[in-house]
Every structure is written in C-alpha cells, then in structure tokens.
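In what follows, a structure is listed as structure tokens, so that the remarks can point back to it.
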Amino acid sequence: MIPNNKTMRTSLLVVGALLITGSLSKASPREDVLSADTRQELRKARSATAKYHNVAAAEADGYISIGLYIPNEGLHYVNFGLIDGTFDYEHPEVLLYAPTDDGELRLVGVEYLVPLTPTPPEGFSGESDQWRSDAEGFGLWELTVWLWL
C-alpha cells in the first residue's frame, strides 16, 4: 500500500536533507559543500528531468512503474534501457514519485543505477556521492538524488 499522508512527505524531506544534495533551492542545507562542477551537473539533471513531473511524459520516454514502493523513497519508475553500466546525470535510470493528498504522483527524486562492481562507480564531480551497494538485492550500485524536494 502506498501511503498518502503528510508523514510520508516529511520523511522524504528528512531523508533528502541527509543525502548528497537535498533540493537545489537556495536554502539547500548541503549545497555549500558541493563543488561548482557538481552544482552545474545537478542543475543540468534537474533541467533534463523537469518534464517528468508529468508521469505520462516519463512513460512515453520508457519509464515504467515496477510496483516497488519503498517508504521514505517513493514509487519507482525504471527505464531498463538505461541500465547499461554508465553514469549519465541527465538520464537517471529511476524516477521516484511520492503520492500527494489528492491522489497524484509528485516527482521528488531520481536514482542512478550501475551494475555492481567491487568499487563504487564514478558519478557526479567531487566527493559528495553516497552510492549504496545492492540495497534491494538487484546487483546494482544505487545513488539517490532528491532533485525535486
């Protein structure tokens, strides 16, 4: 069951603040520790994913709901054609959506997936990436970025 309440959205905000970027708003708590290159890459990632606030646009570009809802992350829409072992900040493999009180889905973040190797992949410029290894047992490195919180 996908929760549809303020508690879930609050949890997403807390988790987002703890990961590499929080949001890219001027009030972002971690933006000051990011390099200029990283901030530029994150701006490009936001620009590239802005159209996916509309779930139909995401589906038209090959993202499909896999029915995986993870508390404090959201509902996962995956583009399997993008899971190719490369990191491209403008083409995330996963879009994360949170339910709203009116039953809509709100784009809150993205995930980058790279097949599991002994060491984490190169991602954004700088040292702020926090890759997780195989969190759900799929044999992947995962990097979650809360671009839209």
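Residue names in the structure tokens use chain letters A, B, ... in the order shown, residue numbers from 1 in each chain, and ligand numbers from 1 in the order shown.
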
Contact residues around A:Ala135 with only C-alpha atoms at 12 Å, ignoring same-chain residues under 3 positions, as a PyMOL selection string: chain A and resi 70+113+116+131-132+138-144

Can you tell me, as a PDB file with N, CA and C atoms, in the first residue's frame, what residues are no more than 10 Å from stretch 59-68 of chain A when counting only C-alpha atoms, ignoring any on the same chain fewer than 5 positions away?
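That gives us result.pdb:
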ATOM      1  N   ILE A   2       0.545   2.231  -0.805  1.00  0.00           N
ATOM      2  CA  ILE A   2       1.297   3.470  -0.877  1.00  0.00           C
ATOM      3  C   ILE A   2       0.649   4.475   0.050  1.00  0.00           C
ATOM      4  N   TYR A  52       9.440  15.241 -16.385  1.00  0.00           N
ATOM      5  CA  TYR A  52       8.894  14.039 -15.760  1.00  0.00           C
ATOM      6  C   TYR A  52       8.013  14.322 -14.551  1.00  0.00           C
ATOM      7  N   ASN A  54       5.278  15.200 -15.128  1.00  0.00           N
ATOM      8  CA  ASN A  54       4.130  14.578 -15.785  1.00  0.00           C
ATOM      9  C   ASN A  54       4.478  13.097 -15.988  1.00  0.00           C
ATOM     10  N   GLY A  74       9.837   6.328  -2.211  1.00  0.00           N
ATOM     11  CA  GLY A  74       8.745   6.581  -3.124  1.00  0.00           C
ATOM     12  C   GLY A  74       8.493   5.422  -4.054  1.00  0.00           C
ATOM     13  N   LEU A  75       7.639   5.694  -5.033  1.00  0.00           N
ATOM     14  CA  LEU A  75       7.276   4.724  -6.053  1.00  0.00           C
ATOM     15  C   LEU A  75       8.307   4.807  -7.174  1.00  0.00           C
ATOM     16  N   HIS A  76       8.849   3.658  -7.576  1.00  0.00           N
ATOM     17  CA  HIS A  76       9.937   3.603  -8.538  1.00  0.00           C
ATOM     18  C   HIS A  76       9.419   3.387  -9.962  1.00  0.00           C
ATOM     19  N   TYR A  77       9.824   4.288 -10.850  1.00  0.00           N
ATOM     20  CA  TYR A  77       9.604   4.145 -12.287  1.00  0.00           C
ATOM     21  C   TYR A  77      10.981   3.942 -12.906  1.00  0.00           C
ATOM     22  N   VAL A  78      11.185   2.807 -13.576  1.00  0.00           N
ATOM     23  CA  VAL A  78      12.500   2.429 -14.082  1.00  0.00           C
ATOM     24  C   VAL A  78      12.503   2.433 -15.604  1.00  0.00           C
ATOM     25  N   ASN A  79      13.601   2.909 -16.165  1.00  0.00           N
ATOM     26  CA  ASN A  79      13.848   2.780 -17.597  1.00  0.00           C
ATOM     27  C   ASN A  79      14.966   1.753 -17.739  1.00  0.00           C
ATOM     28  N   PHE A  80      14.589   0.502 -18.012  1.00  0.00           N
ATOM     29  CA  PHE A  80      15.554  -0.589 -18.055  1.00  0.00           C
ATOM     30  C   PHE A  80      16.571  -0.422 -19.173  1.00  0.00           C
ATOM     31  N   GLY A  81      16.204   0.285 -20.231  1.00  0.00           N
ATOM     32  CA  GLY A  81      17.129   0.531 -21.329  1.00  0.00           C
ATOM     33  C   GLY A  81      18.303   1.409 -20.941  1.00  0.00           C
ATOM     34  N   LEU A  82      18.195   2.111 -19.819  1.00  0.00           N
ATOM     35  CA  LEU A  82      19.278   2.984 -19.371  1.00  0.00           C
ATOM     36  C   LEU A  82      20.252   2.292 -18.422  1.00  0.00           C
ATOM     37  N   GLU A  93      18.283   6.324 -14.324  1.00  0.00           N
ATOM     38  CA  GLU A  93      17.603   5.056 -14.597  1.00  0.00           C
ATOM     39  C   GLU A  93      16.261   4.961 -13.890  1.00  0.00           C
ATOM     40  N   VAL A  94      16.100   5.667 -12.775  1.00  0.00           N
ATOM     41  CA  VAL A  94      14.878   5.573 -11.967  1.00  0.00           C
ATOM     42  C   VAL A  94      14.364   6.976 -11.639  1.00  0.00           C
ATOM     43  N   LEU A  95      13.052   7.135 -11.724  1.00  0.00           N
ATOM     44  CA  LEU A  95      12.368   8.335 -11.248  1.00  0.00           C
ATOM     45  C   LEU A  95      11.600   7.946  -9.994  1.00  0.00           C
ATOM     46  N   LEU A  96      11.666   8.772  -8.967  1.00  0.00           N
ATOM     47  CA  LEU A  96      10.988   8.498  -7.700  1.00  0.00           C
ATOM     48  C   LEU A  96       9.820   9.457  -7.524  1.00  0.00           C
ATOM     49  N   TYR A  97       8.647   8.891  -7.269  1.00  0.00           N
ATOM     50  CA  TYR A  97       7.429   9.678  -7.107  1.00  0.00           C
ATOM     51  C   TYR A  97       6.833   9.449  -5.733  1.00  0.00           C
TER      52      TYR A  97
END

Counting only C-alpha atoms, the option among A:Asp88, A:Asn72, A:Ala50, A:Leu107 closest to A:Glu122: A:Asp88

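The smallest atom-to-atom distance between A:Asp37 and any of A:Gly123, A:Ala56, A:Trp148, A:Glu136, using only C-alpha atoms, is found for A:Gly123.
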
DSSP helix (DSSP H, G or I) residues within stretch 16-139 of chain A, listed as a PyMOL selection string: chain A and resi 16-18+31-33+36-53+55-60+80-82

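Picture a line from atom CA of A:Lys44 to atom CA of A:Asp129; it runs 16.4 Å.
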
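Pairwise distance (atom CA of A:His53, atom CA of A:Arg106) equals 6.5 Å.
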
Strand (DSSP E or B) per DSSP on the backbone: members of stretch 29-124 of chain A, as a PyMOL selection string: chain A and resi 64-70+74-78+94-99+105-115

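Restricting the calculation to only C-alpha atoms, the smallest distance between A:Leu34 and any of A:Pro99, A:Gly109, A:Gly126, A:Gly137 is found for A:Gly126.
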
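The space between atom CA of A:Ser35 and atom CA of A:Val145 spans 15.7 Å.
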
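Closest to A:Val55 among A:Leu147, A:Val33, A:Leu105, A:Leu42 is A:Leu105, based on only C-alpha atoms.
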